[in-house]
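Peer 1: Just dropping this structure here.
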Amino acid sequence: MSLAVTTMVVVAFAVPLGLVIREMARDRAFSNAEREAAAVAPALSITTDRDQLERVVASAGSDAGMAVHLPAGDGRAALELGRRRAADEDIAAVRELGRASTTGVTGGWTLLQPVALSTGRIAVVEVYVPESDVTNGVGTAWAVLAGVGVALILGSVAVADRLGVRMVRPARRLVEGAHDLGEGRLGARVPEDGPSELRLAAAAFNSMADQVVQLLANERELAADLSHRLRTPLTVLRLNTASLGEGPAADQTRTAVEQLEREVDTIIRTAREAKPQTAAAGPGAGCDAAEVVRERMAFWSALAEDEGRKWRVAGADRPVRIPVARADLAAALDALLGNVFRHTAEGTAFAVDVHNGEDAVIVLVSDAGPGIPDPEAAMARGRGSGNDGSTGLGLDIVRRLAESTGGDVRIGSSVLGGTEVRIWIQLDGRAPAGGGHRQPRRRRPGRLAAVYNRARSR
């Protein structure tokens with residue numbers, strides 16, 4: 001629209017101005033021709049001598065483009081000086097009418113100027129005006145006009161483009177944000193800039209996205225809480241069924257507990273597969289890892305005493321701040337400690353160690369059990385390829401927690417002789433937008449590595 005309007009305005013002004021410039025150049029050329037003809041007129045009114053007239057024409061500096069036509073009279077034939085270009089009828093018409101006229105000739109124009117002689121007859125001065133004189137400077141002026149017009153058009157289009165971008169770019173970002181949100185990337189947010197209407201729309205969109213994330217986070221926490229509440233009493237029930245002895249009632253009880261565990265596994269697996277990805281915790285979110293470790297160990301210590309398990313906690317005597325939600329860390333610890341009780345025999349010792357570094361925190365959960373023969377297969381179960389005996393949810397919860405900070409999870413052999421699960425939590429990590437997981441940073445700070453190695457050597 002800006003291009004069309006500006007082009008119309010430029011054409012409306014440039015075309016008439018170009019025509020005026022052409023007329024001005026034509027008038028200038030013929031004005032010069034009239035001055036040249038006027039320079040010869042005084043001499044014609046005084047004398048008609050050929051030699052004197054030739055000197056006058058030469059002194060006018062236009063002998064190559066000027067001709068003088070003297071009529072016959074007083075016993076003297078008609079006289080013509082210079083090169084003749086005009087037709088006889090044109091010259092005769094000027095003598096008869098007694099006024100100047102212009103006529104086109106080959107290569108240009110001629111000005112025919114009548115001059116009264118002392119004898120009363122009319123002489124005609126012919127001045128040749130080449131076409132180049134008529135159009136002198138017109139091309140340059142038109143080129144300048146065209147350049148100015150193009151500059152005005154380009155300038156107006158550039159300004160209109162900048163103004164349009166100010167409106168289109170925020171609208172486009174809003175569309176992209178809505179598309180990302182519709183695709184399940186709940187971390188999508190829209191910058192609140194641009195015109196006031198689009199700023200209000202962006203603010204409303206961000207508020208809506210925050211509400212969606214909050215609702216889904218609440219449902220996720222509720223599902224995790226319900227699953228843990230079911231898992232813990234089921235673990236106790238399964239352990240207590242071992243003390244029932246033999247008999248139909250005992251077998252039926254154990255079968256019912258196993259069936260209930262399978263049903264809970266099915267529910268947990270279904271909930272995990274249907275769980276949408278939520279956004280990462282915002283700035284300032286986090287918890288004290290040492291406090292969470294102490295709290296969960298206090299919970300599991302009662303069951304450990306009943307089963308005769310030795311346990312210890314190290315590194316949780318002072319605050320250790322991490323960028324992880326309290327509920328997420330508690331869920332990860334419960335999952336790992338539940339695995340210890342579920343997959344190791346009674347009396348098997350276990351430990352939880354917290355190692356704090358400058359930009360990372362390591363949480364170690366180790367036991368003295370038989371260990372995991374295939375750690376990669378165990379991690380694969382955590383990514384959704386579980387079997388009837390394990391949903392893989394525990395390691396999946398742990399992996400998601402670590403990778404949300406840019407860290408990772410490793411399974412190895414512990415100093416107690418069994419399995420060691422190492423949770424690497426980056427303090428300066430950032431979860432990718434939309435809650436997806438990026439590849440963890442494969443690095444270990446030197447100071448934390450030394451602490452980690454000393455702990456393993458003990």
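FYI, nothing fancy with the structure tokens labels: chains A, B, ... in order, residues from 1 per chain, ligands from 1 as they appear.
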Name the residues in contact with Val125 in chain A at a cut-off of 8 Å, using only C-alpha atoms, excluding same-chain residues fewer than 2 positions from it; report them as a ChimeraX atom specification.

Peer 2: /A:37,40,66-69,111-115,123,127

Peer 1: Since we have the selection now, will you write its residues out, keeping all heavy atoms, as a short mmCIF file (atom, residue, chain, number, x, y, z; two decimals), in the first residue's frame?

Peer 2:
data_model
loop_
_atom_site.label_atom_id
_atom_site.label_comp_id
_atom_site.auth_asym_id
_atom_site.auth_seq_id
_atom_site.Cartn_x
_atom_site.Cartn_y
_atom_site.Cartn_z
N ALA A 37 18.98 36.74 -33.72
CA ALA A 37 18.30 37.43 -34.83
C ALA A 37 18.19 38.92 -34.56
O ALA A 37 18.35 39.77 -35.47
CB ALA A 37 16.91 36.83 -35.04
N VAL A 40 21.21 41.09 -35.58
CA VAL A 40 21.39 41.39 -37.00
C VAL A 40 20.39 42.45 -37.48
O VAL A 40 20.63 43.16 -38.47
CB VAL A 40 21.27 40.10 -37.83
CG1 VAL A 40 21.47 40.37 -39.32
CG2 VAL A 40 22.26 39.06 -37.34
N MET A 66 22.90 30.69 -39.17
CA MET A 66 22.06 31.86 -39.47
C MET A 66 22.06 32.11 -40.98
O MET A 66 23.08 31.93 -41.65
CB MET A 66 22.57 33.08 -38.73
CG MET A 66 21.75 34.35 -38.97
SD MET A 66 22.40 35.77 -38.07
CE MET A 66 22.03 35.30 -36.39
N ALA A 67 20.91 32.49 -41.45
CA ALA A 67 20.77 32.88 -42.86
C ALA A 67 19.91 34.14 -42.94
O ALA A 67 19.02 34.33 -42.11
CB ALA A 67 20.15 31.76 -43.67
N VAL A 68 20.23 35.01 -43.92
CA VAL A 68 19.48 36.25 -44.11
C VAL A 68 18.89 36.22 -45.53
O VAL A 68 19.61 35.98 -46.51
CB VAL A 68 20.39 37.49 -43.93
CG1 VAL A 68 19.61 38.76 -44.20
CG2 VAL A 68 21.01 37.49 -42.55
N HIS A 69 17.61 36.47 -45.59
CA HIS A 69 16.89 36.45 -46.88
C HIS A 69 16.39 37.87 -47.17
O HIS A 69 15.50 38.38 -46.49
CB HIS A 69 15.70 35.47 -46.82
CG HIS A 69 16.09 34.09 -46.36
ND1 HIS A 69 16.73 33.18 -47.18
CD2 HIS A 69 15.93 33.47 -45.15
CE1 HIS A 69 16.94 32.06 -46.51
NE2 HIS A 69 16.45 32.22 -45.27
N LEU A 111 14.11 29.44 -36.56
CA LEU A 111 13.35 30.63 -36.16
C LEU A 111 13.40 31.62 -37.32
O LEU A 111 14.48 32.02 -37.74
CB LEU A 111 13.95 31.25 -34.90
CG LEU A 111 13.38 32.60 -34.49
CD1 LEU A 111 11.91 32.47 -34.07
CD2 LEU A 111 14.21 33.22 -33.38
N LEU A 112 12.26 32.01 -37.79
CA LEU A 112 12.17 32.97 -38.88
C LEU A 112 11.69 34.30 -38.29
O LEU A 112 10.56 34.40 -37.81
CB LEU A 112 11.20 32.47 -39.96
CG LEU A 112 11.57 31.13 -40.61
CD1 LEU A 112 10.50 30.70 -41.60
CD2 LEU A 112 12.93 31.22 -41.29
N GLN A 113 12.60 35.29 -38.34
CA GLN A 113 12.32 36.60 -37.72
C GLN A 113 12.24 37.67 -38.83
O GLN A 113 13.21 37.92 -39.53
CB GLN A 113 13.44 36.96 -36.75
CG GLN A 113 13.30 38.30 -36.07
CD GLN A 113 12.13 38.30 -35.09
OE1 GLN A 113 11.97 37.38 -34.33
NE2 GLN A 113 11.31 39.33 -35.15
N PRO A 114 11.07 38.33 -39.04
CA PRO A 114 10.97 39.39 -40.07
C PRO A 114 11.64 40.68 -39.58
O PRO A 114 11.53 41.03 -38.40
CB PRO A 114 9.47 39.54 -40.24
CG PRO A 114 8.89 39.14 -38.92
CD PRO A 114 9.78 38.07 -38.38
N VAL A 115 12.33 41.38 -40.50
CA VAL A 115 12.99 42.66 -40.18
C VAL A 115 12.64 43.66 -41.30
O VAL A 115 12.82 43.35 -42.49
CB VAL A 115 14.51 42.50 -40.07
CG1 VAL A 115 15.17 43.85 -39.81
CG2 VAL A 115 14.87 41.48 -39.00
N ALA A 123 12.79 41.84 -44.82
CA ALA A 123 13.82 40.79 -44.88
C ALA A 123 13.51 39.76 -43.79
O ALA A 123 12.86 40.05 -42.79
CB ALA A 123 15.20 41.39 -44.67
N VAL A 127 17.35 31.63 -38.12
CA VAL A 127 18.31 31.11 -37.12
C VAL A 127 17.99 29.63 -36.90
O VAL A 127 16.86 29.28 -36.54
CB VAL A 127 18.24 31.89 -35.80
CG1 VAL A 127 19.24 31.32 -34.81
CG2 VAL A 127 18.49 33.36 -36.04
#

Peer 1: Neighbours of range 409-414 of chain A within 10 Å (only C-alpha atoms; same-chain residues fewer than 5 positions away dropped), as a PyMOL selection string?

Peer 2: chain A and resi 350-351+362-376+378-379+395-396+398-403+419-425+440+456

Peer 1: Give me, please, the distance in Å between CA of Asp428 in chain A and CA of Asp359 in chain A, quoted to one decimal.

Peer 2: 6.1 Å

Peer 1: Can you list, as a PyMOL selection string, every residue of range 90-121 of chain A that DSSP puts in strand (DSSP E or B)?

Peer 2: chain A and resi 101-105+108-116

Peer 1: Print the selection's residues with N, CA and C atoms to a file, as a short mmCIF file (atom, residue, chain, number, x, y, z; two decimals), in the first residue's frame.

Peer 2:
data_model
loop_
_atom_site.label_atom_id
_atom_site.label_comp_id
_atom_site.auth_asym_id
_atom_site.auth_seq_id
_atom_site.Cartn_x
_atom_site.Cartn_y
_atom_site.Cartn_z
N SER A 101 8.05 33.21 -36.61
CA SER A 101 7.48 31.87 -36.50
C SER A 101 8.61 30.85 -36.45
N THR A 102 8.26 29.65 -36.00
CA THR A 102 9.23 28.55 -35.95
C THR A 102 8.70 27.41 -36.80
N THR A 103 9.60 26.70 -37.41
CA THR A 103 9.21 25.58 -38.26
C THR A 103 10.25 24.48 -38.13
N GLY A 104 9.79 23.26 -38.22
CA GLY A 104 10.69 22.12 -38.09
C GLY A 104 11.43 21.84 -39.36
N VAL A 105 12.72 21.53 -39.20
CA VAL A 105 13.55 21.17 -40.34
C VAL A 105 14.34 19.93 -39.94
N GLY A 108 16.40 19.63 -36.48
CA GLY A 108 16.09 20.63 -35.48
C GLY A 108 14.96 21.55 -35.90
N TRP A 109 15.12 22.83 -35.55
CA TRP A 109 14.09 23.84 -35.81
C TRP A 109 14.76 25.10 -36.37
N THR A 110 13.93 25.95 -37.05
CA THR A 110 14.43 27.26 -37.49
C THR A 110 13.48 28.35 -36.98
N LEU A 111 14.11 29.44 -36.56
CA LEU A 111 13.35 30.63 -36.16
C LEU A 111 13.40 31.62 -37.32
N LEU A 112 12.26 32.01 -37.79
CA LEU A 112 12.17 32.97 -38.88
C LEU A 112 11.69 34.30 -38.29
N GLN A 113 12.60 35.29 -38.34
CA GLN A 113 12.32 36.60 -37.72
C GLN A 113 12.24 37.67 -38.83
N PRO A 114 11.07 38.33 -39.04
CA PRO A 114 10.97 39.39 -40.07
C PRO A 114 11.64 40.68 -39.58
N VAL A 115 12.33 41.38 -40.50
CA VAL A 115 12.99 42.66 -40.18
C VAL A 115 12.64 43.66 -41.30
N ALA A 116 12.15 44.82 -40.90
CA ALA A 116 11.78 45.86 -41.89
C ALA A 116 13.03 46.57 -42.38
#

Peer 1: So that I can see what lies close to Asp288 in chain A, please list as a PyMOL selection string the residues with an atom at most 9 Å from it, counting only C-alpha atoms and leaving out residues fewer than 5 positions away in the same chain.

Peer 2: chain A and resi 293+319-322+324+326

Peer 1: Point out the residue among A:Gln259, A:Asn32, A:Ser2, A:Thr7 with the least atom-to-atom distance to Val148 in chain A, counting only C-alpha atoms.

Peer 2: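 Ranked by minimum distance to Val148 in chain A, first place goes to A:Thr7.
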
Peer 1: For range 119-122 of chain A, work out the shell of residues within 12 Å, counting only C-alpha atoms and skipping chain neighbours fewer than 6 positions away, then give it as a ChimeraX atom specification.

Peer 2: /A:41,44-48,68-74,78,91-100,112-113

Peer 1: Can you tell me which residues surround Arg294 in chain A at a distance of at most 10 Å, considering only C-alpha atoms, apart from same-chain residues fewer than 6 positions away, and format the answer as JSON, numbers by chain?

Peer 2: {"A": [313, 314, 316, 317, 352]}

Peer 1: Show me, as a PDB file with C-alpha atoms, in the first residue's frame, the residues that have an atom within 8 Å of Arg238 in chain A when counting only C-alpha atoms, minus same-chain residues fewer than 2 positions from it.

Peer 2:
ATOM      1  CA  LEU A 234       2.635 -52.067  49.215  1.00  0.00           C
ATOM      2  CA  THR A 235       6.332 -52.572  49.931  1.00  0.00           C
ATOM      3  CA  VAL A 236       5.541 -53.090  53.611  1.00  0.00           C
ATOM      4  CA  ASN A 240       5.090 -58.744  55.755  1.00  0.00           C
ATOM      5  CA  THR A 241       3.598 -61.516  53.607  1.00  0.00           C
ATOM      6  CA  ALA A 242       6.894 -63.370  53.919  1.00  0.00           C
ATOM      7  CA  ARG A 254       0.713 -62.973  48.549  1.00  0.00           C
ATOM      8  CA  VAL A 257      -0.444 -58.278  46.953  1.00  0.00           C
ATOM      9  CA  GLU A 258       1.374 -59.214  43.740  1.00  0.00           C
TER      10      GLU A 258
END

Peer 1: Hey, which of A:Ala141, A:Val124, A:Val165, A:Ala249 ends up closest to Leu17 in chain A? Count only C-alpha atoms.

Peer 2: A:Ala141
